[in-house]
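S.K.: Provided below: model08.pdb, containing PDB, C-alpha atoms.
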ATOM      1  CA  MET R  18       1.381 -30.613  28.192
ATOM      2  CA  LYS R  19       1.045 -32.176  24.739
ATOM      3  CA  ASN R  20      -2.131 -30.127  24.140
ATOM      4  CA  ILE R  21      -0.333 -26.870  24.984
ATOM      5  CA  ILE R  22       2.450 -27.658  22.521
ATOM      6  CA  LEU R  23      -0.091 -28.497  19.794
ATOM      7  CA  LEU R  24      -1.917 -25.234  20.504
ATOM      8  CA  PHE R  25       1.280 -23.204  19.982
ATOM      9  CA  ILE R  26       2.043 -25.081  16.753
ATOM     10  CA  ALA R  27      -1.496 -24.506  15.446
ATOM     11  CA  ALA R  28      -1.327 -20.809  16.369
ATOM     12  CA  GLY R  29       1.939 -20.471  14.453
ATOM     13  CA  TYR R  30       0.480 -21.985  11.304
ATOM     14  CA  SER R  31      -2.746 -19.985  11.456
ATOM     15  CA  ALA R  32      -1.080 -16.647  12.226
ATOM     16  CA  LYS R  33      -1.036 -14.429   9.160
ATOM     17  CA  SER R  34       2.365 -13.228   8.088
ATOM     18  CA  GLN R  35       3.127  -9.590   7.397
ATOM     19  CA  ILE R  36       4.387  -7.768   4.325
ATOM     20  CA  ILE R  37       6.941  -5.230   5.568
ATOM     21  CA  VAL R  38       9.026  -3.035   3.250
ATOM     22  CA  ASN R  39      11.516  -0.568   4.769
ATOM     23  CA  GLY R  40       9.640  -0.683   8.091
ATOM     24  CA  VAL R  41       6.223  -0.047   6.484
ATOM     25  CA  ASN R  42       3.561  -2.729   6.993
ATOM     26  CA  LEU R  43       1.617  -2.987   3.738
ATOM     27  CA  GLU R  44      -1.359  -4.475   5.567
ATOM     28  CA  ILE R  45      -1.878  -1.059   7.148
ATOM     29  CA  ILE R  46      -1.570   1.148   4.049
ATOM     30  CA  LYS R  47      -3.079  -1.494   1.688
ATOM     31  CA  PRO R  48      -1.723  -0.473  -1.722
ATOM     32  CA  HIS R  49      -3.951  -1.830  -4.504
ATOM     33  CA  TYR R  50      -1.015  -2.821  -6.722
ATOM     34  CA  ILE R  51       2.563  -3.836  -6.015
ATOM     35  CA  SER R  52       5.385  -4.873  -8.307
ATOM     36  CA  ILE R  53       7.918  -7.472  -7.295
ATOM     37  CA  SER R  54      11.247  -8.593  -8.660
ATOM     38  CA  LEU R  55      13.849 -10.914  -7.202
ATOM     39  CA  ILE R  56      17.512 -10.508  -6.382
ATOM     40  CA  ALA R  57      20.068 -13.088  -5.306
ATOM     41  CA  GLY R  58      20.220 -13.659  -1.566
ATOM     42  CA  LYS R  59      23.347 -14.401   0.426
ATOM     43  CA  MET R  60      26.469 -15.590  -1.338
ATOM     44  CA  LEU R  61      26.699 -19.387  -1.781
ATOM     45  CA  ASP R  62      22.975 -19.689  -1.052
ATOM     46  CA  ASN R  63      20.230 -20.548  -3.542
ATOM     47  CA  LYS R  64      17.694 -18.317  -1.789
ATOM     48  CA  VAL R  65      16.309 -15.112  -3.319
ATOM     49  CA  GLU R  66      15.060 -11.851  -1.828
ATOM     50  CA  ALA R  67      11.970  -9.959  -3.011
ATOM     51  CA  ILE R  68      12.104  -6.322  -4.073
ATOM     52  CA  ILE R  69       8.651  -4.726  -3.665
ATOM     53  CA  ASN R  70       7.554  -1.392  -5.076
ATOM     54  CA  TYR R  71       4.212  -0.014  -3.883
ATOM     55  CA  GLY R  72       4.894   3.572  -5.014
ATOM     56  CA  GLN R  73       7.222   4.515  -2.152
ATOM     57  CA  PRO R  74      10.146   6.927  -2.571
ATOM     58  CA  ILE R  75      13.330   4.972  -3.233
ATOM     59  CA  ASN R  76      16.805   6.153  -2.272
ATOM     60  CA  ASN R  77      18.495   2.771  -2.730
ATOM     61  CA  PHE R  78      17.380  -0.767  -3.507
ATOM     62  CA  ARG R  79      17.298  -1.705   0.219
ATOM     63  CA  ASP R  80      14.255   0.610   0.508
ATOM     64  CA  GLU R  81      12.347  -2.016  -1.488
ATOM     65  CA  VAL R  82      13.410  -5.287   0.190
ATOM     66  CA  LEU R  83      10.680  -7.413   1.771
ATOM     67  CA  GLU R  84      11.580  -7.736   5.453
ATOM     68  CA  LYS R  85      10.899 -10.005   8.381
ATOM     69  CA  PRO R  86       9.463  -8.305  11.498
ATOM     70  CA  ASP R  87      13.033  -8.067  12.893
ATOM     71  CA  GLY R  88      14.136  -5.965   9.873
ATOM     72  CA  SER R  89      16.267  -8.615   8.171
ATOM     73  CA  ALA R  90      15.607  -9.535   4.539
ATOM     74  CA  MET R  91      13.052 -12.267   3.951
ATOM     75  CA  GLU R  92      14.389 -15.069   1.766
ATOM     76  CA  PHE R  93      12.495 -17.380  -0.574
ATOM     77  CA  ASN R  94      13.337 -20.657  -2.273
ATOM     78  CA  SER R  95      12.040 -19.501  -5.676
ATOM     79  CA  GLU R  96       9.681 -17.179  -7.531
ATOM     80  CA  ILE R  97       6.792 -19.537  -6.788
ATOM     81  CA  ASP R  98       7.623 -19.555  -3.073
ATOM     82  CA  MET R  99       7.474 -15.746  -3.115
ATOM     83  CA  LEU R 100       4.191 -15.668  -5.080
ATOM     84  CA  ASN R 101       2.618 -18.201  -2.693
ATOM     85  CA  TYR R 102       3.685 -16.087   0.295
ATOM     86  CA  LEU R 103       2.067 -12.991  -1.193
ATOM     87  CA  ALA R 104      -1.059 -14.932  -2.239
ATOM     88  CA  ASN R 105      -1.450 -16.006   1.400
ATOM     89  CA  ASN R 106      -1.391 -12.277   2.200
ATOM     90  CA  LYS R 107      -4.262 -11.416  -0.187
ATOM     91  CA  TYR R 108      -2.253 -10.431  -3.270
ATOM     92  CA  ALA R 109      -3.216 -12.015  -6.578
ATOM     93  CA  PHE R 110      -0.900 -12.355  -9.572
ATOM     94  CA  GLU R 111      -1.948 -10.069 -12.452
ATOM     95  CA  HIS R 112       0.835  -9.815 -15.012
ATOM     96  CA  THR R 113       4.544 -10.324 -15.717
ATOM     97  CA  TYR R 114       6.753  -7.975 -17.706
ATOM     98  CA  PHE R 115      10.469  -7.443 -18.253
ATOM     99  CA  ARG R 116      12.601  -4.384 -17.554
ATOM    100  CA  SER R 117      16.058  -3.934 -19.049
ATOM    101  CA  ASN R 118      18.862  -2.423 -17.008
ATOM    102  CA  THR R 119      22.650  -2.579 -16.870
ATOM    103  CA  ASP R 120      22.504  -6.068 -15.281
ATOM    104  CA  GLY R 121      20.332  -7.459 -18.074
ATOM    105  CA  ASN R 122      16.611  -8.169 -18.074
ATOM    106  CA  ARG R 123      14.699  -8.333 -14.816
ATOM    107  CA  THR R 124      11.334 -10.102 -14.482
ATOM    108  CA  ILE R 125       8.722  -7.948 -12.758
ATOM    109  CA  PHE R 126       5.587  -9.488 -11.267
ATOM    110  CA  LEU R 127       2.534  -7.237 -10.923
ATOM    111  CA  LEU R 128       0.142  -8.225  -8.131
ATOM    112  CA  LYS R 129      -3.216  -6.796  -7.082
ATOM    113  CA  LEU R 130      -4.720  -6.713  -3.616
ATOM    114  CA  SER R 131      -7.756  -9.002  -3.593
ATOM    115  CA  GLN R 132     -10.684  -8.115  -1.378
TER     116      GLN R 132
END
Taking this structure as input, can you express it in the form of structure tokens?
M.R.:
Amino acid sequence: MKNIILLFIAAGYSAKSQIIVNGVNLEIIKPHYISISLIAGKMLDNKVEAIINYGQPINNFRDEVLEKPDGSAMEFNSEIDMLNYLANNKYAFEHTYFRSNTDGNRTIFLLKLSQ
């Protein structure tokens, strides 16, 4: 019984996570470049959500939110947590730039799909 439990734990750690944005799995379409910025997560929570642009049409900002397989927003502890998640999914950090909008400056991370 102990071996079966260890097998399930090992399978969970070795299973590759998915990058899903508005129901689209990026592992299937494999965009070469993506840009990412962060927004605050739930109120009274220190978590952040990732906004990913891979060139998709955008009607509202929810069209860009990185999702879990169940469709809910994926939350991260920090920028580094988000970058590590994407690095584990074959995206390498390329560049950072800033974009000004009505809310102030937003940091944008540019990542490239590594082969």
S.K.: The PyMOL selection byres ((chain R and resi 67-83) around 6) on the file shown: which residues, as a PDB file with C-alpha atoms, in the coordinates of the input?
M.R.:
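This is the output file part28.pdb:
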ATOM      1  CA  ILE R  37       6.941  -5.230   5.568  1.00  0.00           C
ATOM      2  CA  VAL R  38       9.026  -3.035   3.250  1.00  0.00           C
ATOM      3  CA  ASN R  39      11.516  -0.568   4.769  1.00  0.00           C
ATOM      4  CA  ILE R  51       2.563  -3.836  -6.015  1.00  0.00           C
ATOM      5  CA  SER R  52       5.385  -4.873  -8.307  1.00  0.00           C
ATOM      6  CA  ILE R  53       7.918  -7.472  -7.295  1.00  0.00           C
ATOM      7  CA  SER R  54      11.247  -8.593  -8.660  1.00  0.00           C
ATOM      8  CA  LEU R  55      13.849 -10.914  -7.202  1.00  0.00           C
ATOM      9  CA  GLU R  66      15.060 -11.851  -1.828  1.00  0.00           C
ATOM     10  CA  GLU R  84      11.580  -7.736   5.453  1.00  0.00           C
ATOM     11  CA  MET R  91      13.052 -12.267   3.951  1.00  0.00           C
TER      12      MET R  91
END
S.K.: Name every residue that the PyMOL selection byres ((chain R and resi 107-109) around 7) selects in this structure, writing the answer as a VMD selection string with chains first and numbers rising.
M.R.: chain R and resid 103 to 106 110 to 111 128 to 131
S.K.: Give me the box for region 80-83 of chain R as AutoDock Vina command-line options, namely the centre and edge lengths in Å to one decimal of a box along x, y and z that holds every listed atom plus 5 Å on each side.
M.R.:
--center_x 12.5 --center_y -3.4 --center_z 0.1 --size_x 13.6 --size_y 18.0 --size_z 13.3
S.K.: May I ask for the distance between CA of Val65 (chain R) and CA of Phe93 (chain R), given in Å to one decimal place?
M.R.: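 CA of Val65 (chain R) sits 5.2 Å away from CA of Phe93 (chain R).
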S.K.: Out of R:Gly58, R:Gly40, R:Lys64, R:Pro48, which residue has the shortest atom-to-atom distance to Ser95 (chain R) when counting all atoms listed in the file?
M.R.: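 When distances to Ser95 (chain R) are compared using all atoms listed in the file, the smallest one comes from R:Lys64.
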S.K.: Region 98-118 of chain R from the block above, N, CA and C atoms, as a PDB file, in the first residue's frame, please?
M.R.:
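Done, and the output landed in part19.pdb:
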ATOM      1  N   ASP R  98       7.984  33.023  -8.687  1.00  0.00           N
ATOM      2  CA  ASP R  98       7.172  31.804  -8.708  1.00  0.00           C
ATOM      3  C   ASP R  98       6.565  31.607 -10.092  1.00  0.00           C
ATOM      4  N   MET R  99       6.044  32.686 -10.683  1.00  0.00           N
ATOM      5  CA  MET R  99       5.460  32.621 -12.014  1.00  0.00           C
ATOM      6  C   MET R  99       6.517  32.292 -13.078  1.00  0.00           C
ATOM      7  N   LEU R 100       7.683  32.931 -13.002  1.00  0.00           N
ATOM      8  CA  LEU R 100       8.748  32.658 -13.971  1.00  0.00           C
ATOM      9  C   LEU R 100       9.254  31.215 -13.851  1.00  0.00           C
ATOM     10  N   ASN R 101       9.361  30.699 -12.640  1.00  0.00           N
ATOM     11  CA  ASN R 101       9.774  29.307 -12.453  1.00  0.00           C
ATOM     12  C   ASN R 101       8.742  28.343 -13.041  1.00  0.00           C
ATOM     13  N   TYR R 102       7.473  28.642 -12.859  1.00  0.00           N
ATOM     14  CA  TYR R 102       6.408  27.805 -13.430  1.00  0.00           C
ATOM     15  C   TYR R 102       6.538  27.743 -14.953  1.00  0.00           C
ATOM     16  N   LEU R 103       6.731  28.911 -15.573  1.00  0.00           N
ATOM     17  CA  LEU R 103       6.833  28.946 -17.027  1.00  0.00           C
ATOM     18  C   LEU R 103       8.150  28.342 -17.515  1.00  0.00           C
ATOM     19  N   ALA R 104       9.227  28.480 -16.753  1.00  0.00           N
ATOM     20  CA  ALA R 104      10.493  27.836 -17.115  1.00  0.00           C
ATOM     21  C   ALA R 104      10.349  26.314 -17.094  1.00  0.00           C
ATOM     22  N   ASN R 105       9.577  25.795 -16.147  1.00  0.00           N
ATOM     23  CA  ASN R 105       9.323  24.349 -16.105  1.00  0.00           C
ATOM     24  C   ASN R 105       8.474  23.889 -17.283  1.00  0.00           C
ATOM     25  N   ASN R 106       7.860  24.843 -17.987  1.00  0.00           N
ATOM     26  CA  ASN R 106       7.053  24.546 -19.164  1.00  0.00           C
ATOM     27  C   ASN R 106       7.740  25.012 -20.450  1.00  0.00           C
ATOM     28  N   LYS R 107       9.055  25.059 -20.425  1.00  0.00           N
ATOM     29  CA  LYS R 107       9.906  25.317 -21.602  1.00  0.00           C
ATOM     30  C   LYS R 107       9.895  26.754 -22.105  1.00  0.00           C
ATOM     31  N   TYR R 108       9.585  27.718 -21.248  1.00  0.00           N
ATOM     32  CA  TYR R 108       9.701  29.120 -21.639  1.00  0.00           C
ATOM     33  C   TYR R 108      10.859  29.747 -20.896  1.00  0.00           C
ATOM     34  N   ALA R 109      11.723  30.434 -21.652  1.00  0.00           N
ATOM     35  CA  ALA R 109      12.911  31.062 -21.083  1.00  0.00           C
ATOM     36  C   ALA R 109      12.735  32.582 -21.067  1.00  0.00           C
ATOM     37  N   PHE R 110      13.149  33.187 -19.976  1.00  0.00           N
ATOM     38  CA  PHE R 110      13.085  34.645 -19.829  1.00  0.00           C
ATOM     39  C   PHE R 110      13.995  35.300 -20.863  1.00  0.00           C
ATOM     40  N   GLU R 111      13.487  36.332 -21.544  1.00  0.00           N
ATOM     41  CA  GLU R 111      14.256  37.055 -22.558  1.00  0.00           C
ATOM     42  C   GLU R 111      14.526  38.501 -22.149  1.00  0.00           C
ATOM     43  N   HIS R 112      13.469  39.198 -21.700  1.00  0.00           N
ATOM     44  CA  HIS R 112      13.588  40.639 -21.525  1.00  0.00           C
ATOM     45  C   HIS R 112      12.445  41.151 -20.637  1.00  0.00           C
ATOM     46  N   THR R 113      12.683  42.272 -19.977  1.00  0.00           N
ATOM     47  CA  THR R 113      11.649  42.956 -19.203  1.00  0.00           C
ATOM     48  C   THR R 113      11.512  44.377 -19.725  1.00  0.00           C
ATOM     49  N   TYR R 114      10.288  44.855 -19.839  1.00  0.00           N
ATOM     50  CA  TYR R 114      10.058  46.248 -20.198  1.00  0.00           C
ATOM     51  C   TYR R 114       8.853  46.758 -19.421  1.00  0.00           C
ATOM     52  N   PHE R 115       8.613  48.049 -19.492  1.00  0.00           N
ATOM     53  CA  PHE R 115       7.528  48.669 -18.740  1.00  0.00           C
ATOM     54  C   PHE R 115       6.541  49.310 -19.696  1.00  0.00           C
ATOM     55  N   ARG R 116       5.264  49.205 -19.362  1.00  0.00           N
ATOM     56  CA  ARG R 116       4.203  49.828 -20.151  1.00  0.00           C
ATOM     57  C   ARG R 116       3.394  50.722 -19.213  1.00  0.00           C
ATOM     58  N   SER R 117       3.192  51.949 -19.633  1.00  0.00           N
ATOM     59  CA  SER R 117       2.401  52.898 -18.840  1.00  0.00           C
ATOM     60  C   SER R 117       0.942  52.804 -19.234  1.00  0.00           C
ATOM     61  N   ASN R 118       0.082  52.852 -18.229  1.00  0.00           N
ATOM     62  CA  ASN R 118      -1.364  52.917 -18.474  1.00  0.00           C
ATOM     63  C   ASN R 118      -1.991  53.766 -17.379  1.00  0.00           C
TER      64      ASN R 118
END
